[in-house]
Amino acid sequence: MASLLDLQVAFAAALLDPSRQRVPVGLSTGGRPAAEGFGLYRNSVFGNYRKALRAVYPVVEALVGERFFAHAADAYVGVHPSRCGDLNRFGSLFADFLRDFPDAAGLAYLPDTARLEWAIETVFHAEDPAPAALVALSRVSEDDYPGLHFRLAPHCRLIESPWPVDRLWHLNQPGVPWDDDFDIDAGGVLILVRRCGFEVELRRLGAAEGVLLASLVAGLTLGAACERVLERDPQAAIAAMLRGLLSAASLQLAAPAQGLPDGQH
Amino acid sequence: MNARIPCADRTGAPIGAGIGLRTCHFREILRQRPAIGWVEVHSENYFCDGGQPLHLLDKVRECYPVSLHGVGLSLGSAEPLDREHLARLRRLVGRIEPGLVSEHLSWSMAGGRHLNELLPLPCTDEALAVVAGHLDQVQDILGRQILVENISSYVGFQQSSMTEPAFLSELVARTGCGLLLDVNNVYVSAHNLDFDAREYLAAIPAEAVAEIHLAGHANLGRMLVDTHGAAVAPAVWALYAETIARLGPRPSLIEWDNDIPPLAVLLAEAAHAAVVMEGADGIAA
């Protein structure tokens with residue numbers, strides 16, 4: 001008699017087999033063909049996967065159509081099997097998959113569109129915004145500002161793309177009419193995906209603000225990030241930009257103890 | 001009709017008839033506050049760290065007893081339970097303080113791959129030991145009893161050495177778990193695997209049943225499929241009435257997950273369950 005582990009491994013392998021024809025041995029089915037009952041599980045499993053991806057990637061589906069999306073979803077399962085009992089996390093690698101998926105090679109902007117949709121999904125369910133970091137900053141001596149490190153808050157994501165995927169996303173929202181002037185080759189964007197209350201907003205960052213935020217998120221100190229911004233735009237209003245990001249709680253002080261004078265930890 | 005449903009009791013223990021609460025109905029429930037006994041949600045949908053869904057569940061919890069129903073823990077896997085999954089469940093249980101917590105008698109993970117489906121177990125001594133061990137672990141980590149639900153089956157296993165009711169009875173005896181008896185699943189499995197649903201129900205240990213599920217299924221001709229996409233079938237209502245006559249009233253839930261109808265339809269189904277329970281109360285008196 002097969003052990004439970006062997007039985008389950010064989011059952012799972014038959015379910016996910018690309019031929020869609022395999023049926024494990026040892027089933028009992030009340031007189032009906034085993035393939036019939038087993039086929040119901042197979043359909044359900046692949047149906048669940050597709051449904052999970054469809055829920056997170058409606059714009060990708062709108063761009064490629066229902067049939068191609070289902071084809072991509074089924075292929076995704078083979079490359080990145082589900083590793084979690086929570087189906088809501090199944091789609092986390094879909095953008096990477098699309099980047100390497102030969103059948104979608106003609107749609108270069110598709111992976112970044114998927115990355116944006118996953119960021120929106122992640123931000124929607126992320127930890128609620130903490131009180132603005134300005135409070136923590138008020139306890140730091142201004143002399144120590146250049147050495148401070150910041151990190152992006154959990155309810156924020158930065159998405160960089162050579163294509164205007166934020167605009168593409170917007171134009172594919174229900175009820176939004178297509179814009180004939182939209183140009184996918186209009187140039188790259190840096191998008192701050194952020195939750196305001198319970199709503200997710202996409203904000204395209206200006207050049208100087210983009211450099212500031214990207215530098216800080218990359219781990220540079222505030223001083224080093226400011227130098228980069230000024231190289232880009234000597235007139236940049238850095239203080240106002242930083243205040244805006246901090247008061248919206250998009251940035252948090254990383255390891256605040258490093259920036260605090262002795263005795264104020 | 002809705003007035004027949006016992007009003008919400010905020011102490012946390014589901015009483016009477018309830019509904020499976022899905023995203024599309026949250027706002028309506030909070031606005032209308034219909035007189036349902038309780039609501040149930042899928043645990044995994046609230047494993048997140050924050051955001052609107054969790055916030056709305058907190059609001060619902062202020063008005064109704066809540067039951068947390070897991071679909072992804074894979075109690076029946078031969079491999080160890082996912083500790084992160086368990087940790088998230090514990091965090092959610094701590095936040096919501098649910099009246100009931102349930103999982104399925106099934107498996108969904110093998111070789112590190114998740115099928116994310118409620119797959120059937122062979123009823124063997126080995127499977128019994130695996131599920132009992134996992135139940136001990138879960139009940140220990142959560143610090144409370146959990147209920148185990150019978151699933152709809154489309155295949156069985158030649159190596160099974162006992163019936164599912166015998167398996168469930170032994171599970172109750174070994175672990176002290178409760179049972180979530182899904183009457184529709186019994187009906188569907190009995191049809192598909194050719195056993196007698198009434199014999200099955202008669203063999204379930206009555207005192208262990210702490211919750212009942214009702215849902216609709218689809219008839220594919222030779223096989224029935226547990227779609228949760230239709231009203232409860234008349235034959236299932238009949239089995240439910242017989243079950244309530246035997247067990248007495250138990251918290252009973254209407255589940256509907258596909259082609260979800262207006263809230264009023266769910267409330268009418270719940271009201272039907274409440275009427276059946278009131279009838280049984282009358283007989284008992």
# chains A, B, ... in the order shown; residues from 1 in each chain; ligands from 1
>>> closest_atom_pairs(of="chain B", to="chain A", cutoff="6 Å", atoms="only C-alpha atoms", output="Markdown table")
| residue | atom | partner | partner_atom | distance |
| --- | --- | --- | --- | --- |
| B:Glu44 | CA | A:Asp86 | CA | 5.6 |
| B:Cys48 | CA | A:His125 | CA | 5.6 |
| B:Asp49 | CA | A:Glu127 | CA | 4.5 |
| B:Gly50 | CA | A:Glu127 | CA | 4.3 |
| B:Gly51 | CA | A:His125 | CA | 4.8 |
| B:Gln52 | CA | A:Phe198 | CA | 5.4 |
| B:Gly72 | CA | A:Gly85 | CA | 4.3 |
| B:Ala78 | CA | A:Leu5 | CA | 5.1 |
| B:Ala110 | CA | A:Val9 | CA | 5.4 |
| B:Arg113 | CA | A:Arg83 | CA | 5.4 |
| B:His114 | CA | A:Ser82 | CA | 5.1 |
| B:Tyr154 | CA | A:Gly37 | CA | 4.7 |
| B:Val155 | CA | A:Thr29 | CA | 5.1 |
| B:Gly156 | CA | A:Ser28 | CA | 4.7 |
| B:Phe157 | CA | A:Leu27 | CA | 4.4 |
| B:Gln158 | CA | A:Ser28 | CA | 5.3 |
| B:Leu193 | CA | A:Gly30 | CA | 4.4 |
| B:Asp194 | CA | A:Gly30 | CA | 5.0 |
>>> write_last_selection(atoms="all heavy atoms", output="tab-separated table (two decimals), in the first residue's frame")
chain	number	residue	atom	x	y	z
B	44	GLU	N	-8.09	32.90	5.06
B	44	GLU	CA	-6.94	33.33	4.25
B	44	GLU	C	-7.13	34.71	3.63
B	44	GLU	O	-6.14	35.40	3.36
B	44	GLU	CB	-6.63	32.31	3.15
B	44	GLU	CG	-6.00	31.01	3.65
B	44	GLU	CD	-7.00	30.05	4.26
B	44	GLU	OE1	-8.22	30.36	4.25
B	44	GLU	OE2	-6.59	28.99	4.78
B	48	CYS	N	-3.81	39.38	5.48
B	48	CYS	CA	-3.05	40.58	5.14
B	48	CYS	C	-2.72	41.39	6.40
B	48	CYS	O	-3.24	41.13	7.48
B	48	CYS	CB	-3.83	41.41	4.15
B	48	CYS	SG	-5.58	41.52	4.57
B	49	ASP	N	-1.84	42.39	6.21
B	49	ASP	CA	-1.37	43.19	7.35
B	49	ASP	C	-2.28	44.37	7.66
B	49	ASP	O	-2.20	44.95	8.74
B	49	ASP	CB	0.04	43.72	7.06
B	49	ASP	CG	1.04	42.59	6.91
B	49	ASP	OD1	0.89	41.59	7.64
B	49	ASP	OD2	1.96	42.71	6.09
B	50	GLY	N	-3.11	44.78	6.71
B	50	GLY	CA	-3.98	45.95	6.94
B	50	GLY	C	-4.86	46.17	5.73
B	50	GLY	O	-5.05	45.29	4.90
B	51	GLY	N	-5.39	47.40	5.63
B	51	GLY	CA	-6.21	47.74	4.48
B	51	GLY	C	-7.69	47.57	4.73
B	51	GLY	O	-8.13	47.19	5.82
B	52	GLN	N	-8.46	47.87	3.67
B	52	GLN	CA	-9.91	47.95	3.80
B	52	GLN	C	-10.61	46.63	4.18
B	52	GLN	O	-11.49	46.65	5.05
B	52	GLN	CB	-10.49	48.50	2.51
B	52	GLN	CG	-11.94	48.87	2.63
B	52	GLN	CD	-12.45	49.49	1.35
B	52	GLN	OE1	-12.22	48.97	0.26
B	52	GLN	NE2	-13.12	50.60	1.46
B	72	GLY	N	-6.94	26.68	3.37
B	72	GLY	CA	-5.60	26.41	2.83
B	72	GLY	C	-4.60	25.77	3.77
B	72	GLY	O	-3.43	25.62	3.43
B	78	ALA	N	0.71	14.82	4.24
B	78	ALA	CA	1.70	13.98	4.93
B	78	ALA	C	2.89	14.82	5.38
B	78	ALA	O	3.58	14.48	6.33
B	78	ALA	CB	2.17	12.86	4.01
B	110	ALA	N	1.58	18.97	-1.60
B	110	ALA	CA	2.46	17.79	-1.65
B	110	ALA	C	3.74	18.17	-2.37
B	110	ALA	O	3.70	18.90	-3.36
B	110	ALA	CB	1.78	16.64	-2.39
B	113	ARG	N	4.45	21.77	-3.32
B	113	ARG	CA	3.55	22.47	-4.24
B	113	ARG	C	2.14	22.51	-3.66
B	113	ARG	O	1.64	21.50	-3.15
B	113	ARG	CB	3.49	21.75	-5.60
B	113	ARG	CG	4.77	21.91	-6.39
B	113	ARG	CD	4.58	21.46	-7.82
B	113	ARG	NE	4.29	20.04	-7.93
B	113	ARG	CZ	4.42	19.34	-9.06
B	113	ARG	NH1	4.81	19.94	-10.16
B	113	ARG	NH2	4.15	18.05	-9.08
B	114	HIS	N	1.52	23.67	-3.78
B	114	HIS	CA	0.15	23.80	-3.28
B	114	HIS	C	-0.83	23.70	-4.45
B	114	HIS	O	-0.68	24.38	-5.46
B	114	HIS	CB	-0.04	25.14	-2.56
B	114	HIS	CG	0.56	25.14	-1.19
B	114	HIS	ND1	-0.16	24.93	-0.05
B	114	HIS	CD2	1.85	25.29	-0.80
B	114	HIS	CE1	0.64	24.97	1.00
B	114	HIS	NE2	1.86	25.18	0.57
B	154	TYR	N	-15.01	13.57	-5.26
B	154	TYR	CA	-15.28	13.12	-6.64
B	154	TYR	C	-14.57	11.80	-6.92
B	154	TYR	O	-14.85	11.16	-7.93
B	154	TYR	CB	-14.85	14.20	-7.64
B	154	TYR	CG	-15.43	15.56	-7.27
B	154	TYR	CD1	-14.62	16.66	-7.03
B	154	TYR	CD2	-16.81	15.70	-7.08
B	154	TYR	CE1	-15.16	17.88	-6.66
B	154	TYR	CE2	-17.35	16.91	-6.69
B	154	TYR	CZ	-16.53	18.00	-6.48
B	154	TYR	OH	-17.06	19.19	-6.08
B	155	VAL	N	-13.62	11.44	-6.07
B	155	VAL	CA	-13.01	10.11	-6.11
B	155	VAL	C	-12.78	9.66	-4.67
B	155	VAL	O	-12.66	10.49	-3.75
B	155	VAL	CB	-11.63	10.09	-6.85
B	155	VAL	CG1	-11.78	10.53	-8.30
B	155	VAL	CG2	-10.61	10.94	-6.12
B	156	GLY	N	-12.72	8.33	-4.49
B	156	GLY	CA	-12.30	7.75	-3.22
B	156	GLY	C	-11.03	6.95	-3.47
B	156	GLY	O	-10.44	7.05	-4.55
B	157	PHE	N	-10.60	6.19	-2.46
B	157	PHE	CA	-9.34	5.44	-2.58
B	157	PHE	C	-9.57	3.97	-2.21
B	157	PHE	O	-10.20	3.68	-1.19
B	157	PHE	CB	-8.27	6.04	-1.68
B	157	PHE	CG	-7.92	7.45	-2.07
B	157	PHE	CD1	-8.58	8.53	-1.50
B	157	PHE	CD2	-6.96	7.70	-3.04
B	157	PHE	CE1	-8.27	9.83	-1.88
B	157	PHE	CE2	-6.65	8.99	-3.42
B	157	PHE	CZ	-7.31	10.06	-2.84
B	158	GLN	N	-9.00	3.10	-3.05
B	158	GLN	CA	-9.15	1.67	-2.78
B	158	GLN	C	-8.54	1.29	-1.44
B	158	GLN	O	-8.98	0.34	-0.80
B	158	GLN	CB	-8.49	0.86	-3.92
B	158	GLN	CG	-9.26	0.97	-5.24
B	158	GLN	CD	-8.44	0.51	-6.44
B	158	GLN	OE1	-7.37	-0.08	-6.28
B	158	GLN	NE2	-8.95	0.78	-7.63
B	193	LEU	N	-19.84	8.77	-4.91
B	193	LEU	CA	-19.08	7.58	-4.49
B	193	LEU	C	-20.02	6.43	-4.13
B	193	LEU	O	-19.58	5.40	-3.62
B	193	LEU	CB	-18.15	7.91	-3.31
B	193	LEU	CG	-17.14	9.02	-3.61
B	193	LEU	CD1	-16.22	9.24	-2.41
B	193	LEU	CD2	-16.31	8.71	-4.85
B	194	ASP	N	-21.31	6.64	-4.36
B	194	ASP	CA	-22.28	5.57	-4.25
B	194	ASP	C	-22.38	5.00	-2.82
B	194	ASP	O	-22.23	3.80	-2.61
B	194	ASP	CB	-21.90	4.46	-5.25
B	194	ASP	CG	-23.13	3.63	-5.62
B	194	ASP	OD1	-24.26	4.12	-5.43
B	194	ASP	OD2	-22.96	2.48	-6.07
>>> residues_around(residues="range 171-183 of chain A", least_positions_apart="3", cutoff="8 Å", atoms="only C-alpha atoms", output="PyMOL selection string")
chain A and resi 59+62+167-168+186
>>> write_last_selection(atoms="all heavy atoms", output="PDB file, in the first residue's frame")
ATOM      1  N   VAL A  59      -5.872  44.323 -15.794  1.00  0.00           N
ATOM      2  CA  VAL A  59      -5.396  45.126 -16.918  1.00  0.00           C
ATOM      3  C   VAL A  59      -4.570  44.264 -17.886  1.00  0.00           C
ATOM      4  O   VAL A  59      -4.713  44.360 -19.102  1.00  0.00           O
ATOM      5  CB  VAL A  59      -4.603  46.355 -16.423  1.00  0.00           C
ATOM      6  CG1 VAL A  59      -3.944  47.075 -17.592  1.00  0.00           C
ATOM      7  CG2 VAL A  59      -5.534  47.298 -15.670  1.00  0.00           C
ATOM      8  N   ALA A  62      -7.029  42.479 -19.840  1.00  0.00           N
ATOM      9  CA  ALA A  62      -7.683  43.345 -20.829  1.00  0.00           C
ATOM     10  C   ALA A  62      -6.762  43.565 -22.032  1.00  0.00           C
ATOM     11  O   ALA A  62      -7.226  43.653 -23.171  1.00  0.00           O
ATOM     12  CB  ALA A  62      -8.057  44.682 -20.188  1.00  0.00           C
ATOM     13  N   ARG A 167      -0.364  55.339 -17.143  1.00  0.00           N
ATOM     14  CA  ARG A 167      -1.400  55.846 -18.059  1.00  0.00           C
ATOM     15  C   ARG A 167      -2.126  54.667 -18.734  1.00  0.00           C
ATOM     16  O   ARG A 167      -3.349  54.679 -18.872  1.00  0.00           O
ATOM     17  CB  ARG A 167      -0.722  56.747 -19.097  1.00  0.00           C
ATOM     18  CG  ARG A 167      -1.661  57.376 -20.100  1.00  0.00           C
ATOM     19  CD  ARG A 167      -2.319  58.633 -19.561  1.00  0.00           C
ATOM     20  NE  ARG A 167      -3.248  59.179 -20.552  1.00  0.00           N
ATOM     21  CZ  ARG A 167      -4.523  59.447 -20.298  1.00  0.00           C
ATOM     22  NH1 ARG A 167      -5.020  59.247 -19.083  1.00  0.00           N
ATOM     23  NH2 ARG A 167      -5.303  59.924 -21.236  1.00  0.00           N
ATOM     24  N   LEU A 168      -1.362  53.672 -19.110  1.00  0.00           N
ATOM     25  CA  LEU A 168      -1.942  52.474 -19.732  1.00  0.00           C
ATOM     26  C   LEU A 168      -2.922  51.802 -18.770  1.00  0.00           C
ATOM     27  O   LEU A 168      -4.012  51.367 -19.154  1.00  0.00           O
ATOM     28  CB  LEU A 168      -0.818  51.494 -20.103  1.00  0.00           C
ATOM     29  CG  LEU A 168      -1.237  50.225 -20.841  1.00  0.00           C
ATOM     30  CD1 LEU A 168      -1.828  50.542 -22.202  1.00  0.00           C
ATOM     31  CD2 LEU A 168      -0.030  49.283 -20.999  1.00  0.00           C
ATOM     32  N   ALA A 186       5.990  57.003 -25.221  1.00  0.00           N
ATOM     33  CA  ALA A 186       6.119  58.407 -24.816  1.00  0.00           C
ATOM     34  C   ALA A 186       7.240  58.646 -23.811  1.00  0.00           C
ATOM     35  O   ALA A 186       7.534  59.783 -23.460  1.00  0.00           O
ATOM     36  CB  ALA A 186       4.793  58.912 -24.243  1.00  0.00           C
TER      37      ALA A 186
END
>>> select_by_dssp(residues="range 10-244 of chain A", states="helix (DSSP H, G or I)", output="PyMOL selection string")
chain A and resi 10-16+34-56+58-64+66-79+87-100+102-104+110-124+134-137+142-147+165-171+207-217+222-232+238-244
>>> closest_residue(among="A:Gly47, A:Gly210, A:Pro146, A:Pro162", to="Ala224 in chain A", atoms="only C-alpha atoms")
A:Pro146
>>> select_by_dssp(residues="range 71-254 of chain B", states="strand (DSSP E)", output="PyMOL selection string")
chain B and resi 100-104+107-110+113-119+147-149+156-157+178-182+209-215+218-219+224-225+252-254
>>> atom_distance(atom1="CA of Leu253 in chain B", atom2="CA of Gly18 in chain B")
4.7 Å
>>> residues_around(residues="Gly176 in chain B", least_positions_apart="5", cutoff="10 Å", atoms="only C-alpha atoms", output="PyMOL selection string")
chain B and resi 132+135-136+139+145-147+170-171+208
>>> write_last_selection(atoms="N, CA and C atoms", output="tab-separated table (two decimals), in the first residue's frame")
chain	number	residue	atom	x	y	z
B	132	ALA	N	-4.70	13.76	12.93
B	132	ALA	CA	-4.79	13.95	14.39
B	132	ALA	C	-3.57	14.72	14.90
B	135	LEU	N	-3.95	18.30	13.89
B	135	LEU	CA	-5.01	18.95	14.68
B	135	LEU	C	-4.50	19.30	16.07
B	136	ASP	N	-3.75	18.36	16.67
B	136	ASP	CA	-3.17	18.64	18.00
B	136	ASP	C	-2.31	19.90	17.92
B	139	GLN	N	-4.57	23.09	17.37
B	139	GLN	CA	-5.35	23.44	18.57
B	139	GLN	C	-4.41	23.94	19.68
B	145	GLN	N	-10.34	24.91	20.55
B	145	GLN	CA	-10.84	23.82	19.72
B	145	GLN	C	-11.06	24.32	18.30
B	146	ILE	N	-10.79	23.49	17.31
B	146	ILE	CA	-11.22	23.84	15.96
B	146	ILE	C	-12.17	22.75	15.45
B	147	LEU	N	-12.95	23.13	14.46
B	147	LEU	CA	-13.91	22.21	13.84
B	147	LEU	C	-13.33	21.70	12.53
B	170	GLU	N	-13.20	8.96	15.16
B	170	GLU	CA	-11.93	8.66	15.81
B	170	GLU	C	-11.11	9.94	15.98
B	171	LEU	N	-11.22	10.83	15.00
B	171	LEU	CA	-10.52	12.12	15.08
B	171	LEU	C	-11.01	12.92	16.29
B	208	ALA	N	-20.53	16.06	18.80
B	208	ALA	CA	-19.34	16.77	18.29
B	208	ALA	C	-19.69	17.82	17.24
>>> atom_distance(atom1="CA of Arg115 in chain A", atom2="CA of Leu190 in chain A")
12.6 Å
>>> residues_around(residues="Ala70 in chain A", least_positions_apart="4", cutoff="8 Å", atoms="only C-alpha atoms", output="VMD selection string")
chain A and resid 50 66 74
>>> write_last_selection(atoms="N, CA and C atoms", output="compact mmCIF listing (two decimals), in the first residue's frame")
# COMPACT_ATOMS: atom_id res chain seq x y z
N ARG A 50 -6.37 30.30 -12.36
CA ARG A 50 -6.71 31.36 -13.31
C ARG A 50 -7.49 32.48 -12.62
N GLU A 66 -8.94 37.33 -22.98
CA GLU A 66 -9.25 36.26 -22.04
C GLU A 66 -8.53 34.95 -22.38
N ASP A 74 -2.00 29.18 -17.27
CA ASP A 74 -1.71 27.75 -17.19
C ASP A 74 -0.21 27.48 -17.30
>>> closest_residue(among="B:Leu214, B:Val209, B:Ala274, B:Leu168", to="Ala129 in chain B", atoms="only C-alpha atoms")
B:Leu168
>>> residues_around(residues="range 97-112 of chain A", least_positions_apart="3", cutoff="7 Å", atoms="only C-alpha atoms", output="short mmCIF file (atom, residue, chain, number, x, y, z; two decimals) with N, CA, C and O atoms, in the first residue's frame")
data_model
loop_
_atom_site.label_atom_id
_atom_site.label_comp_id
_atom_site.auth_asym_id
_atom_site.auth_seq_id
_atom_site.Cartn_x
_atom_site.Cartn_y
_atom_site.Cartn_z
N VAL A 60 -3.72 43.40 -17.32
CA VAL A 60 -2.98 42.47 -18.20
C VAL A 60 -3.98 41.65 -19.01
O VAL A 60 -3.82 41.48 -20.23
N TYR A 76 2.12 29.60 -16.43
CA TYR A 76 2.73 30.15 -15.20
C TYR A 76 2.78 29.08 -14.10
O TYR A 76 3.78 28.94 -13.39
N LEU A 93 4.85 36.24 -8.75
CA LEU A 93 5.95 36.18 -9.71
C LEU A 93 5.48 36.28 -11.16
O LEU A 93 6.22 35.97 -12.09
N PHE A 94 4.23 36.70 -11.34
CA PHE A 94 3.65 36.71 -12.70
C PHE A 94 4.39 37.68 -13.63
O PHE A 94 4.58 37.39 -14.81
N ARG A 115 3.78 44.18 -13.06
CA ARG A 115 4.49 44.61 -11.83
C ARG A 115 3.67 45.71 -11.13
O ARG A 115 3.54 45.72 -9.91
N LEU A 116 3.12 46.61 -11.93
CA LEU A 116 2.30 47.68 -11.37
C LEU A 116 1.05 47.11 -10.70
O LEU A 116 0.68 47.52 -9.59
N SER A 161 9.56 52.20 -15.01
CA SER A 161 9.34 51.52 -16.28
C SER A 161 9.74 52.43 -17.44
O SER A 161 9.54 53.64 -17.36
N TRP A 163 8.12 52.50 -20.00
CA TRP A 163 6.85 52.81 -20.68
C TRP A 163 5.88 53.48 -19.71
O TRP A 163 5.93 53.22 -18.50
N VAL A 165 3.28 53.01 -18.05
CA VAL A 165 2.32 51.97 -17.69
C VAL A 165 1.23 52.48 -16.74
O VAL A 165 0.16 51.89 -16.64
#
>>> residues_around(residues="Glu61 in chain A", least_positions_apart="2", cutoff="12 Å", atoms="only C-alpha atoms", output="ChimeraX atom specification")
/A:50-51,53-59,63-73,110,113-114,117,169,172-173
>>> write_last_selection(atoms="N, CA, C and O atoms", output="compact mmCIF listing (two decimals), in the first residue's frame")
# COMPACT_ATOMS: atom_id res chain seq x y z
N ARG A 50 -6.37 30.30 -12.36
CA ARG A 50 -6.71 31.36 -13.31
C ARG A 50 -7.49 32.48 -12.62
O ARG A 50 -7.25 33.66 -12.84
N LYS A 51 -8.45 32.06 -11.80
CA LYS A 51 -9.30 33.04 -11.11
C LYS A 51 -8.46 33.93 -10.19
O LYS A 51 -8.68 35.15 -10.12
N LEU A 53 -5.30 34.73 -10.54
CA LEU A 53 -4.50 35.68 -11.34
C LEU A 53 -5.40 36.75 -11.94
O LEU A 53 -5.03 37.93 -12.00
N ARG A 54 -6.56 36.33 -12.41
CA ARG A 54 -7.50 37.27 -13.04
C ARG A 54 -7.91 38.37 -12.06
O ARG A 54 -8.07 39.54 -12.44
N ALA A 55 -8.04 38.01 -10.79
CA ALA A 55 -8.46 38.97 -9.77
C ALA A 55 -7.41 40.05 -9.55
O ALA A 55 -7.74 41.19 -9.22
N VAL A 56 -6.14 39.70 -9.75
CA VAL A 56 -5.05 40.64 -9.47
C VAL A 56 -4.60 41.38 -10.73
O VAL A 56 -4.13 42.51 -10.65
N TYR A 57 -4.76 40.73 -11.89
CA TYR A 57 -4.20 41.29 -13.13
C TYR A 57 -5.27 41.59 -14.18
O TYR A 57 -5.16 41.15 -15.33
N PRO A 58 -6.30 42.36 -13.83
CA PRO A 58 -7.36 42.64 -14.81
C PRO A 58 -6.86 43.45 -16.01
O PRO A 58 -7.37 43.27 -17.12
N VAL A 59 -5.87 44.32 -15.79
CA VAL A 59 -5.40 45.13 -16.92
C VAL A 59 -4.57 44.26 -17.89
O VAL A 59 -4.71 44.36 -19.10
N LEU A 63 -5.45 43.62 -21.78
CA LEU A 63 -4.50 43.89 -22.87
C LEU A 63 -4.30 42.70 -23.79
O LEU A 63 -4.12 42.86 -24.99
N VAL A 64 -4.33 41.49 -23.20
CA VAL A 64 -4.02 40.31 -24.03
C VAL A 64 -5.26 39.51 -24.40
O VAL A 64 -5.20 38.63 -25.26
N GLY A 65 -6.38 39.77 -23.75
CA GLY A 65 -7.60 39.02 -24.04
C GLY A 65 -7.72 37.79 -23.14
O GLY A 65 -6.72 37.27 -22.62
N GLU A 66 -8.94 37.33 -22.98
CA GLU A 66 -9.25 36.26 -22.04
C GLU A 66 -8.53 34.95 -22.38
O GLU A 66 -7.99 34.29 -21.51
N ARG A 67 -8.51 34.61 -23.67
CA ARG A 67 -7.94 33.31 -24.07
C ARG A 67 -6.43 33.28 -23.87
O ARG A 67 -5.88 32.31 -23.34
N PHE A 68 -5.76 34.34 -24.28
CA PHE A 68 -4.30 34.37 -24.11
C PHE A 68 -3.96 34.40 -22.62
O PHE A 68 -2.99 33.77 -22.18
N PHE A 69 -4.76 35.12 -21.85
CA PHE A 69 -4.50 35.21 -20.41
C PHE A 69 -4.59 33.83 -19.77
O PHE A 69 -3.74 33.45 -18.95
N ALA A 70 -5.62 33.07 -20.15
CA ALA A 70 -5.78 31.72 -19.60
C ALA A 70 -4.59 30.84 -20.00
O ALA A 70 -4.06 30.07 -19.18
N HIS A 71 -4.13 30.99 -21.22
CA HIS A 71 -2.96 30.24 -21.71
C HIS A 71 -1.72 30.61 -20.89
O HIS A 71 -0.96 29.74 -20.45
N ALA A 72 -1.54 31.90 -20.65
CA ALA A 72 -0.38 32.35 -19.86
C ALA A 72 -0.49 31.87 -18.42
O ALA A 72 0.50 31.44 -17.81
N ALA A 73 -1.71 31.91 -17.88
CA ALA A 73 -1.92 31.48 -16.48
C ALA A 73 -1.56 30.00 -16.33
O ALA A 73 -0.89 29.60 -15.38
N LEU A 110 4.27 44.56 -21.13
CA LEU A 110 3.36 43.72 -20.34
C LEU A 110 3.92 43.38 -18.95
O LEU A 110 3.19 43.50 -17.95
N THR A 113 3.51 46.27 -16.66
CA THR A 113 2.10 46.45 -16.32
C THR A 113 1.71 45.48 -15.21
O THR A 113 1.01 45.85 -14.26
N ALA A 114 2.19 44.24 -15.32
CA ALA A 114 1.91 43.25 -14.28
C ALA A 114 2.56 43.65 -12.96
O ALA A 114 1.96 43.51 -11.89
N GLU A 117 0.41 46.15 -11.35
CA GLU A 117 -0.82 45.58 -10.76
C GLU A 117 -0.52 44.82 -9.47
O GLU A 117 -1.29 44.85 -8.52
N TRP A 169 -2.51 51.75 -17.51
CA TRP A 169 -3.38 51.15 -16.47
C TRP A 169 -4.68 51.94 -16.36
O TRP A 169 -5.77 51.38 -16.36
N ASN A 172 -7.25 51.49 -19.00
CA ASN A 172 -7.91 50.18 -19.02
C ASN A 172 -8.78 49.94 -17.80
O ASN A 172 -9.16 48.80 -17.50
N GLN A 173 -9.11 51.02 -17.09
CA GLN A 173 -10.04 50.88 -15.98
C GLN A 173 -11.47 50.88 -16.53
O GLN A 173 -11.74 51.50 -17.56
>>> atom_distance(atom1="CA of Arg88 in chain B", atom2="CA of Phe47 in chain B")
5.8 Å
>>> residues_around(residues="range 244-249 of chain B", least_positions_apart="4", cutoff="6 Å", atoms="only C-alpha atoms", output="list of chain:residue names")
B:Ala206, B:Met277, B:Ala280
